[in-house]
file data_34.cif (mmCIF, C-alpha atoms)
data_protein
loop_
_atom_site.group_PDB
_atom_site.id
_atom_site.type_symbol
_atom_site.label_atom_id
_atom_site.label_comp_id
_atom_site.auth_asym_id
_atom_site.auth_seq_id
_atom_site.Cartn_x
_atom_site.Cartn_y
_atom_site.Cartn_z
ATOM 1 C CA MET C 1 60.856 -36.031 72.837
ATOM 2 C CA LYS C 2 57.627 -36.489 74.751
ATOM 3 C CA THR C 3 55.390 -39.541 74.489
ATOM 4 C CA TYR C 4 51.839 -39.881 75.747
ATOM 5 C CA THR C 5 49.242 -42.560 76.402
ATOM 6 C CA ALA C 6 45.818 -41.935 74.866
ATOM 7 C CA THR C 7 42.502 -43.757 75.075
ATOM 8 C CA VAL C 8 40.087 -44.270 72.196
ATOM 9 C CA LEU C 9 36.820 -42.484 73.000
ATOM 10 C CA GLY C 10 35.030 -43.264 69.759
ATOM 11 C CA ARG C 11 35.135 -43.618 65.998
ATOM 12 C CA ARG C 12 32.827 -42.650 63.164
ATOM 13 C CA GLN C 13 32.731 -42.975 59.402
ATOM 14 C CA LEU C 14 33.419 -39.558 57.901
ATOM 15 C CA SER C 15 33.273 -40.620 54.231
ATOM 16 C CA ALA C 16 33.625 -43.793 52.180
ATOM 17 C CA HIS C 17 37.345 -44.093 53.016
ATOM 18 C CA LEU C 18 37.848 -41.635 55.884
ATOM 19 C CA VAL C 19 37.358 -42.620 59.518
ATOM 20 C CA THR C 20 37.487 -40.192 62.451
ATOM 21 C CA VAL C 21 39.006 -41.648 65.628
ATOM 22 C CA THR C 22 38.670 -39.557 68.795
ATOM 23 C CA LEU C 23 41.363 -39.926 71.455
ATOM 24 C CA GLY C 24 41.236 -38.656 75.027
ATOM 25 C CA GLY C 25 42.775 -39.179 78.420
ATOM 26 C CA LEU C 26 45.508 -36.667 77.575
ATOM 27 C CA HIS C 27 46.933 -34.227 80.120
ATOM 28 C CA ASP C 28 49.669 -31.606 79.638
ATOM 29 C CA TYR C 29 49.296 -32.184 75.927
ATOM 30 C CA ALA C 30 49.619 -29.037 73.806
ATOM 31 C CA SER C 31 48.693 -28.502 70.182
ATOM 32 C CA THR C 32 51.249 -26.795 67.946
ATOM 33 C CA GLY C 33 48.433 -24.628 66.605
ATOM 34 C CA VAL C 34 49.631 -25.421 63.074
ATOM 35 C CA PRO C 35 46.591 -26.592 61.058
ATOM 36 C CA ASP C 36 48.355 -29.441 59.251
ATOM 37 C CA GLU C 37 49.919 -30.782 62.433
ATOM 38 C CA TYR C 38 50.584 -34.482 62.372
ATOM 39 C CA ILE C 39 51.263 -37.010 65.077
ATOM 40 C CA ARG C 40 52.868 -40.424 65.298
ATOM 41 C CA VAL C 41 50.486 -42.982 66.742
ATOM 42 C CA LEU C 42 51.944 -46.068 68.417
ATOM 43 C CA ILE C 43 49.614 -49.034 67.914
ATOM 44 C CA PRO C 44 50.350 -52.117 70.034
ATOM 45 C CA PRO C 45 50.302 -55.476 68.205
ATOM 46 C CA ALA C 46 47.179 -57.550 68.799
ATOM 47 C CA GLY C 47 47.158 -59.039 72.282
ATOM 48 C CA GLU C 48 50.156 -56.995 73.495
ATOM 49 C CA GLU C 49 50.445 -54.218 76.060
ATOM 50 C CA LEU C 50 51.411 -50.765 74.809
ATOM 51 C CA ALA C 51 55.131 -50.104 75.206
ATOM 52 C CA LEU C 52 56.219 -46.454 75.086
ATOM 53 C CA PRO C 53 59.772 -45.785 73.870
ATOM 54 C CA GLN C 54 62.453 -43.429 75.095
ATOM 55 C CA ILE C 55 63.337 -41.063 72.233
ATOM 56 C CA ASP C 56 66.552 -39.047 72.141
ATOM 57 C CA ASP C 57 65.808 -35.449 71.093
ATOM 58 C CA ALA C 58 69.139 -34.989 69.331
ATOM 59 C CA THR C 59 69.469 -38.228 67.377
ATOM 60 C CA TRP C 60 65.899 -39.562 67.330
ATOM 61 C CA ALA C 61 67.316 -42.859 68.624
ATOM 62 C CA ILE C 62 64.467 -45.032 69.944
ATOM 63 C CA THR C 63 64.905 -47.503 72.798
ATOM 64 C CA TYR C 64 62.492 -49.774 74.691
ATOM 65 C CA ALA C 65 62.571 -51.514 78.018
ATOM 66 C CA GLU C 66 64.000 -55.018 77.870
ATOM 67 C CA GLY C 67 61.401 -57.534 76.749
ATOM 68 C CA ALA C 68 58.958 -54.917 75.454
ATOM 69 C CA VAL C 69 57.094 -55.637 72.219
ATOM 70 C CA GLU C 70 57.541 -52.668 69.903
ATOM 71 C CA PRO C 71 54.350 -50.989 68.688
ATOM 72 C CA HIS C 72 53.598 -50.094 65.084
ATOM 73 C CA PHE C 73 54.206 -46.446 64.152
ATOM 74 C CA ARG C 74 51.703 -44.642 61.903
ATOM 75 C CA VAL C 75 51.454 -40.903 61.113
ATOM 76 C CA TYR C 76 48.097 -39.099 61.002
ATOM 77 C CA THR C 77 46.770 -35.541 60.791
ATOM 78 C CA ILE C 78 45.111 -34.040 63.852
ATOM 79 C CA SER C 79 41.873 -32.716 62.388
ATOM 80 C CA ASP C 80 40.642 -31.193 65.652
ATOM 81 C CA HIS C 81 42.075 -30.396 69.096
ATOM 82 C CA ARG C 82 39.996 -29.305 72.082
ATOM 83 C CA VAL C 83 39.943 -29.334 75.881
ATOM 84 C CA VAL C 84 36.895 -30.815 77.633
ATOM 85 C CA ASP C 85 36.696 -30.610 81.442
ATOM 86 C CA GLY C 86 40.458 -30.131 81.636
ATOM 87 C CA GLU C 87 41.217 -33.132 79.422
ATOM 88 C CA THR C 88 42.638 -32.821 75.931
ATOM 89 C CA ARG C 89 40.799 -34.597 73.142
ATOM 90 C CA ILE C 90 41.985 -34.926 69.555
ATOM 91 C CA ASP C 91 40.373 -36.203 66.370
ATOM 92 C CA LEU C 92 42.382 -38.104 63.776
ATOM 93 C CA ASP C 93 40.863 -38.318 60.287
ATOM 94 C CA ILE C 94 42.378 -41.471 58.798
ATOM 95 C CA ALA C 95 42.314 -42.616 55.164
ATOM 96 C CA VAL C 96 41.668 -46.372 55.279
ATOM 97 C CA HIS C 97 42.822 -48.891 52.691
ATOM 98 C CA ASP C 98 42.076 -52.554 52.070
ATOM 99 C CA GLU C 99 44.994 -53.663 54.222
ATOM 100 C CA GLY C 100 47.596 -52.306 56.618
ATOM 101 C CA VAL C 101 48.035 -52.003 60.372
ATOM 102 C CA GLY C 102 46.773 -48.418 60.547
ATOM 103 C CA SER C 103 43.705 -49.054 58.417
ATOM 104 C CA GLU C 104 42.812 -52.149 60.418
ATOM 105 C CA TRP C 105 43.147 -50.206 63.670
ATOM 106 C CA ALA C 106 40.990 -47.335 62.362
ATOM 107 C CA ARG C 107 38.286 -49.785 61.270
ATOM 108 C CA THR C 108 38.222 -51.910 64.422
ATOM 109 C CA CYS C 109 39.326 -49.782 67.407
ATOM 110 C CA ARG C 110 36.856 -49.544 70.271
ATOM 111 C CA PRO C 111 36.331 -47.137 73.193
ATOM 112 C CA GLY C 112 38.856 -47.965 75.898
ATOM 113 C CA ASP C 113 41.589 -49.152 73.535
ATOM 114 C CA VAL C 114 44.970 -47.603 74.351
ATOM 115 C CA VAL C 115 47.598 -46.206 71.970
ATOM 116 C CA GLY C 116 50.726 -44.127 72.343
ATOM 117 C CA LEU C 117 51.409 -40.713 70.846
ATOM 118 C CA ILE C 118 54.564 -38.755 70.093
ATOM 119 C CA GLU C 119 54.343 -34.969 70.312
ATOM 120 C CA PRO C 120 52.928 -33.279 67.179
ATOM 121 C CA HIS C 121 54.586 -31.185 64.488
ATOM 122 C CA GLY C 122 53.222 -29.017 61.676
ATOM 123 C CA LEU C 123 54.541 -27.738 58.343
ATOM 124 C CA TYR C 124 51.992 -25.239 56.995
ATOM 125 C CA ALA C 125 53.474 -21.757 57.385
ATOM 126 C CA ALA C 126 51.333 -19.281 55.458
ATOM 127 C CA PRO C 127 51.473 -15.710 56.771
ATOM 128 C CA ALA C 128 48.369 -15.088 58.870
ATOM 129 C CA ASP C 129 47.180 -12.323 56.546
ATOM 130 C CA VAL C 130 48.139 -13.796 53.147
ATOM 131 C CA GLY C 131 45.477 -12.863 50.619
ATOM 132 C CA TRP C 132 45.497 -15.902 48.287
ATOM 133 C CA GLN C 133 46.212 -19.584 48.839
ATOM 134 C CA LEU C 134 46.216 -22.705 46.711
ATOM 135 C CA LEU C 135 45.607 -25.890 48.711
ATOM 136 C CA VAL C 136 46.100 -29.170 46.822
ATOM 137 C CA ALA C 137 45.673 -32.650 48.295
ATOM 138 C CA ASP C 138 44.532 -36.210 47.799
ATOM 139 C CA ILE C 139 42.480 -38.028 50.423
ATOM 140 C CA THR C 140 45.439 -38.264 52.819
ATOM 141 C CA GLY C 141 45.827 -34.485 52.881
ATOM 142 C CA LEU C 142 42.107 -33.692 52.904
ATOM 143 C CA PRO C 143 41.793 -33.576 56.736
ATOM 144 C CA ALA C 144 44.529 -30.921 56.878
ATOM 145 C CA VAL C 145 42.850 -28.935 54.093
ATOM 146 C CA ALA C 146 39.631 -28.914 56.118
ATOM 147 C CA ARG C 147 41.404 -27.623 59.222
ATOM 148 C CA ILE C 148 43.345 -24.970 57.288
ATOM 149 C CA LEU C 149 40.113 -23.652 55.765
ATOM 150 C CA ARG C 150 38.362 -23.448 59.130
ATOM 151 C CA GLY C 151 41.130 -21.168 60.394
ATOM 152 C CA LEU C 152 41.064 -18.607 57.586
ATOM 153 C CA SER C 153 39.466 -15.159 57.822
ATOM 154 C CA PRO C 154 36.677 -13.635 55.703
ATOM 155 C CA SER C 155 39.196 -11.361 53.961
ATOM 156 C CA GLN C 156 41.195 -14.294 52.564
ATOM 157 C CA ARG C 157 40.697 -16.299 49.374
ATOM 158 C CA ALA C 158 41.528 -19.995 48.979
ATOM 159 C CA VAL C 159 41.521 -22.112 45.843
ATOM 160 C CA VAL C 160 41.241 -25.806 46.747
ATOM 161 C CA HIS C 161 41.917 -28.776 44.456
ATOM 162 C CA VAL C 162 41.278 -32.251 45.875
ATOM 163 C CA VAL C 163 42.055 -35.438 43.928
ATOM 164 C CA LEU C 164 40.068 -38.554 44.877
ATOM 165 C CA THR C 165 39.534 -42.034 43.491
ATOM 166 C CA ASP C 166 35.996 -42.196 44.925
ATOM 167 C CA ALA C 167 33.488 -39.332 44.738
ATOM 168 C CA ALA C 168 31.943 -40.658 47.970
ATOM 169 C CA ASP C 169 34.964 -39.256 49.834
ATOM 170 C CA ARG C 170 33.863 -35.659 49.363
ATOM 171 C CA ILE C 171 33.347 -33.973 52.710
ATOM 172 C CA GLU C 172 32.044 -30.587 53.802
ATOM 173 C CA LEU C 173 34.737 -27.898 53.847
ATOM 174 C CA PRO C 174 33.291 -24.985 55.855
ATOM 175 C CA SER C 175 35.324 -21.782 56.011
ATOM 176 C CA PRO C 176 34.765 -18.094 56.738
ATOM 177 C CA ALA C 177 37.033 -17.329 53.741
ATOM 178 C CA ASP C 178 36.132 -16.998 50.066
ATOM 179 C CA VAL C 179 36.743 -20.577 48.909
ATOM 180 C CA ASP C 180 36.623 -22.171 45.461
ATOM 181 C CA VAL C 181 36.769 -25.998 45.613
ATOM 182 C CA THR C 182 37.447 -28.398 42.741
ATOM 183 C CA TRP C 183 36.889 -32.113 43.333
ATOM 184 C CA GLN C 184 38.722 -34.216 40.732
ATOM 185 C CA VAL C 185 37.969 -37.944 40.636
ATOM 186 C CA VAL C 186 40.532 -40.154 38.892
ATOM 187 C CA ALA C 187 40.266 -43.828 37.961
ATOM 188 C CA LYS C 188 43.060 -45.296 40.070
ATOM 189 C CA ASP C 189 45.816 -44.532 42.571
ATOM 190 C CA THR C 190 48.483 -44.326 39.883
ATOM 191 C CA ASP C 191 46.630 -41.367 38.325
ATOM 192 C CA ILE C 192 46.833 -39.295 41.510
ATOM 193 C CA CYS C 193 50.426 -38.088 41.118
ATOM 194 C CA GLU C 194 49.923 -36.421 37.739
ATOM 195 C CA ALA C 195 46.593 -34.919 38.783
ATOM 196 C CA LEU C 196 48.102 -33.337 41.907
ATOM 197 C CA SER C 197 51.091 -31.988 39.983
ATOM 198 C CA ASP C 198 48.951 -30.548 37.193
ATOM 199 C CA ALA C 199 46.743 -28.764 39.705
ATOM 200 C CA VAL C 200 49.727 -26.525 40.457
ATOM 201 C CA THR C 201 51.991 -26.584 37.389
ATOM 202 C CA SER C 202 49.231 -25.904 34.845
ATOM 203 C CA ARG C 203 47.838 -22.955 36.791
ATOM 204 C CA GLU C 204 48.725 -19.254 36.493
ATOM 205 C CA LEU C 205 49.895 -18.240 39.957
ATOM 206 C CA PRO C 206 49.975 -14.778 41.575
ATOM 207 C CA GLU C 207 53.207 -12.786 41.666
ATOM 208 C CA SER C 208 52.810 -11.848 45.329
ATOM 209 C CA ASP C 209 50.588 -12.172 48.419
ATOM 210 C CA ARG C 210 50.340 -15.926 47.826
ATOM 211 C CA TYR C 211 50.904 -19.311 49.428
ATOM 212 C CA VAL C 212 50.775 -22.809 47.944
ATOM 213 C CA TRP C 213 50.417 -25.920 50.111
ATOM 214 C CA LEU C 214 50.318 -29.473 48.747
ATOM 215 C CA ALA C 215 50.064 -32.782 50.572
ATOM 216 C CA GLY C 216 49.637 -36.250 49.119
ATOM 217 C CA GLU C 217 51.576 -38.687 46.956
ATOM 218 C CA ALA C 218 55.325 -38.089 47.329
ATOM 219 C CA ARG C 219 56.344 -37.862 43.656
ATOM 220 C CA SER C 220 53.818 -35.085 43.080
ATOM 221 C CA SER C 221 55.225 -33.217 46.072
ATOM 222 C CA ARG C 222 58.719 -33.296 44.596
ATOM 223 C CA ALA C 223 57.491 -32.374 41.106
ATOM 224 C CA VAL C 224 55.601 -29.334 42.389
ATOM 225 C CA ARG C 225 58.485 -28.279 44.591
ATOM 226 C CA ARG C 226 60.815 -28.458 41.595
ATOM 227 C CA HIS C 227 58.396 -26.352 39.532
ATOM 228 C CA LEU C 228 58.001 -23.630 42.170
ATOM 229 C CA ARG C 229 61.629 -23.433 43.290
ATOM 230 C CA ARG C 230 63.621 -24.120 40.149
ATOM 231 C CA GLU C 231 61.363 -22.980 37.344
ATOM 232 C CA LEU C 232 59.456 -20.116 38.966
ATOM 233 C CA ARG C 233 62.206 -19.297 41.528
ATOM 234 C CA TRP C 234 59.792 -18.968 44.433
ATOM 235 C CA PRO C 235 61.166 -18.429 47.944
ATOM 236 C CA GLN C 236 60.498 -21.256 50.370
ATOM 237 C CA ALA C 237 58.355 -18.929 52.484
ATOM 238 C CA ASP C 238 55.720 -18.878 49.720
ATOM 239 C CA PHE C 239 54.937 -22.588 49.678
ATOM 240 C CA TYR C 240 55.293 -26.016 51.253
ATOM 241 C CA THR C 241 54.839 -29.445 49.684
ATOM 242 C CA CYS C 242 54.784 -32.684 51.617
ATOM 243 C CA GLY C 243 54.702 -36.323 50.547
ATOM 244 C CA TYR C 244 52.292 -38.238 52.791
ATOM 245 C CA TRP C 245 52.585 -41.569 50.962
ATOM 246 C CA GLN C 246 54.464 -43.211 48.111
ATOM 247 C CA ILE C 247 53.373 -45.095 44.991
ATOM 248 C CA GLU C 248 55.230 -48.439 44.923
ATOM 249 C CA ALA C 249 56.226 -47.909 48.557
ATOM 250 C CA GLU C 250 57.739 -51.360 48.999
ATOM 251 C CA LYS C 251 60.072 -50.839 46.051
ATOM 252 C CA TRP C 252 61.031 -47.357 47.276
ATOM 253 C CA ASN C 253 61.644 -48.561 50.840
ATOM 254 C CA ALA C 254 63.802 -51.433 49.619
ATOM 255 C CA ARG C 255 65.965 -49.025 47.638
ATOM 256 C CA TYR C 256 66.159 -46.627 50.578
ATOM 257 C CA GLU C 257 67.457 -49.411 52.824
ATOM 258 C CA GLU C 258 70.263 -49.979 50.315
ATOM 259 C CA VAL C 259 71.358 -46.342 50.289
ATOM 260 C CA ALA C 260 70.245 -45.099 53.728
ATOM 261 C CA GLU C 261 73.771 -44.751 55.105
ATOM 262 C CA GLU C 262 74.916 -42.814 52.046
ATOM 263 C CA VAL C 263 71.845 -40.558 52.105
ATOM 264 C CA THR C 264 72.259 -39.839 55.830
ATOM 265 C CA LYS C 265 75.912 -38.912 55.351
ATOM 266 C CA MET C 266 75.270 -36.621 52.380
ATOM 267 C CA SER C 267 72.296 -34.980 54.118
ATOM 268 C CA ALA C 268 74.371 -34.207 57.212
ATOM 269 C CA GLU C 269 77.123 -32.697 55.056
ATOM 270 C CA VAL C 270 74.608 -30.516 53.223
ATOM 271 C CA GLN C 271 72.957 -29.407 56.477
ATOM 272 C CA GLN C 272 76.315 -28.358 57.895
ATOM 273 C CA LYS C 273 77.188 -26.433 54.733
ATOM 274 C CA ILE C 274 73.830 -24.710 54.219
ATOM 275 C CA GLY C 275 72.835 -24.022 57.800
ATOM 276 C CA ASP C 276 69.344 -22.660 58.482
ATOM 277 C CA ASP C 277 68.282 -22.043 54.857
ATOM 278 C CA GLN C 278 65.407 -24.545 54.718
ATOM 279 C CA GLY C 279 64.674 -23.958 51.047
ATOM 280 C CA ALA C 280 68.253 -24.599 49.988
ATOM 281 C CA TYR C 281 68.422 -27.673 52.206
ATOM 282 C CA LEU C 282 65.262 -29.180 50.688
ATOM 283 C CA ASP C 283 66.581 -28.418 47.187
ATOM 284 C CA ALA C 284 69.787 -30.271 48.021
ATOM 285 C CA LEU C 285 67.848 -33.137 49.578
ATOM 286 C CA ASP C 286 65.885 -33.585 46.340
ATOM 287 C CA ASP C 287 69.175 -33.756 44.451
ATOM 288 C CA ILE C 288 70.534 -36.342 46.878
ATOM 289 C CA TYR C 289 67.477 -38.556 46.512
ATOM 290 C CA GLU C 290 67.602 -38.310 42.733
ATOM 291 C CA SER C 291 71.306 -39.155 42.678
ATOM 292 C CA VAL C 292 70.691 -42.468 44.465
ATOM 293 C CA GLY C 293 67.604 -43.427 42.474
ATOM 294 C CA LEU C 294 64.902 -42.478 44.971
#
call {"tool": "encode", "arguments": {"input": "data_34.cif", "output": "structure tokens"}}
result
Amino acid sequence: MKTYTATVLGRRQLSAHLVTVTLGGLHDYASTGVPDEYIRVLIPPAGEELALPQIDDATWAITYAEGAVEPHFRVYTISDHRVVDGETRIDLDIAVHDEGVGSEWARTCRPGDVVGLIEPHGLYAAPADVGWQLLVADITGLPAVARILRGLSPSQRAVVHVVLTDAADRIELPSPADVDVTWQVVAKDTDICEALSDAVTSRELPESDRYVWLAGEARSSRAVRRHLRRELRWPQADFYTCGYWQIEAEKWNARYEEVAEEVTKMSAEVQQKIGDDQGAYLDALDDIYESVGL
């Protein structure tokens, strides 16, 4: 798996809690072209040189040179990708919080600072000509929503539902498509999950020519997936949900550490049994997580 070194070119405040960081100095760096593509950013600890890892493509095993100080890994959406004078530049729209390595970096990085990148991946897979889409997100998924909308055509229709805790995080969402946007502001983070879920489960959805995409708090992602797959019996090709963050993350991570070996074993067994059926695999993965209390 490829790694890259990137240089901070600038940063700007996009909204009350969104910061755009522009990275450059990239060569032979290709976008996936998928509008919700995300990238792992390697942030060196304060006062340390950036150390890039070797990453095994098959096992994702990560190794560093002896004596290297490991960087912090954070995952962000690429909100824009362009080539300027032969050099690739990317924008990362980052939701900042009161604390955390990524938020601190987004608030304080300066032109010339260096970070590492691991090649990007994307999940959004709507057919290019799909007539109707429902895009649901909280602030962490908002940058991907904006990029998806920019890539639609005038013949398409998109219904957008964004859940925020601060109305000052509304941003412009230009699109050539016919777009209907709802901004829902809730009182606190713990209200986000239900609001995201309800935006899909309480809505009458088309029988065909449709695509639903949701990104945000992880429990809402699983709840919506369960609704679409198990209650409405939708094929996986008609939707994708993705958990970008987790309420009570420390508690969840602690439990995952306890059962990680068991989960890895069961997941590998399911993958071998199911093969390339992504929908069936994700269904089984939900069951595995539930069975171990995740």
call {"tool": "residues_around", "arguments": {"input": "data_34.cif", "residues": "segment 283-285 of chain C", "least_positions_apart": "2", "cutoff": "10 Å", "atoms": "all atoms listed in the file", "output": "ChimeraX atom specification"}}
result
/C:222,225-226,229-230,236,263,266-267,270-271,274,278-281,287-291
call {"tool": "atom_distance", "arguments": {"input": "data_34.cif", "atom1": "atom CA of Asp178 of chain C", "atom2": "atom CA of Val163 of chain C"}}
result
20.3 Å
call {"tool": "residues_near_point", "arguments": {"input": "data_34.cif", "point": "(49.4, -15.5, 58.5)", "cutoff": "12 Å", "atoms": "all atoms listed in the file", "output": "list in words"}}
result
Val34, Pro35, Tyr124, Ala125, Ala126, Pro127, Ala128, Asp129, Val130, Gly131, Trp132, Gln133, Ile148, Gly151, Leu152, Ser153, Ser155, Gln156, Asp209, Arg210, Tyr211, Ala237 and Asp238 of chain C
call {"tool": "write_last_selection", "arguments": {"input": "data_34.cif", "atoms": "C-alpha atoms", "output": "tab-separated table (two decimals), keeping the file's coordinate frame"}}
result
chain	number	residue	atom	x	y	z
C	34	VAL	CA	49.63	-25.42	63.07
C	35	PRO	CA	46.59	-26.59	61.06
C	124	TYR	CA	51.99	-25.24	57.00
C	125	ALA	CA	53.47	-21.76	57.38
C	126	ALA	CA	51.33	-19.28	55.46
C	127	PRO	CA	51.47	-15.71	56.77
C	128	ALA	CA	48.37	-15.09	58.87
C	129	ASP	CA	47.18	-12.32	56.55
C	130	VAL	CA	48.14	-13.80	53.15
C	131	GLY	CA	45.48	-12.86	50.62
C	132	TRP	CA	45.50	-15.90	48.29
C	133	GLN	CA	46.21	-19.58	48.84
C	148	ILE	CA	43.34	-24.97	57.29
C	151	GLY	CA	41.13	-21.17	60.39
C	152	LEU	CA	41.06	-18.61	57.59
C	153	SER	CA	39.47	-15.16	57.82
C	155	SER	CA	39.20	-11.36	53.96
C	156	GLN	CA	41.20	-14.29	52.56
C	209	ASP	CA	50.59	-12.17	48.42
C	210	ARG	CA	50.34	-15.93	47.83
C	211	TYR	CA	50.90	-19.31	49.43
C	237	ALA	CA	58.36	-18.93	52.48
C	238	ASP	CA	55.72	-18.88	49.72
call {"tool": "residues_around", "arguments": {"input": "data_34.cif", "residues": "segment 184-190 of chain C", "least_positions_apart": "2", "cutoff": "6 Å", "atoms": "all atoms listed in the file", "output": "list in words"}}
result
Val163, Leu164, Thr165 and Ile192 of chain C
call {"tool": "residues_around", "arguments": {"input": "data_34.cif", "residues": "Val115 of chain C", "least_positions_apart": "6", "cutoff": "7 Å", "atoms": "all atoms listed in the file", "output": "ChimeraX atom specification"}}
result
/C:5-7,41-44,50
call {"tool": "closest_residue", "arguments": {"input": "data_34.cif", "among": "C:Leu294, C:Pro45, C:Asp57, C:Ala223", "to": "Glu257 of chain C", "atoms": "all atoms listed in the file"}}
result
C:Leu294
call {"tool": "axis_aligned_box", "arguments": {"input": "data_34.cif", "around": "segment 164-180 of chain C", "padding_each_side": "8 Å", "output": "AutoDock Vina command-line options"}}
result
--center_x 36.0 --center_y -29.6 --center_z 50.1 --size_x 24.1 --size_y 41.2 --size_z 29.2
call {"tool": "atom_distance", "arguments": {"input": "data_34.cif", "atom1": "atom CA of Ser208 of chain C", "atom2": "atom CA of Pro235 of chain C"}}
result
11.0 Å
call {"tool": "residues_near_point", "arguments": {"input": "data_34.cif", "point": "(53.4, -46.7, 64.5)", "cutoff": "8 Å", "atoms": "only C-alpha atoms", "output": "PyMOL selection string"}}
result
chain C and resi 40-43+71-75+102
call {"tool": "resolve_selection", "arguments": {"input": "data_34.cif", "expression": "the PyMOL selection byres ((chain C and resi 180) around 8)", "output": "VMD selection string"}}
result
chain C and resid 158 to 160 178 to 179 181 to 182
call {"tool": "resolve_selection", "arguments": {"input": "data_34.cif", "expression": "the PyMOL selection byres ((chain C and resi 15-18) around 7)", "output": "VMD selection string"}}
result
chain C and resid 13 to 14 19 to 20 93 to 96 168 to 171
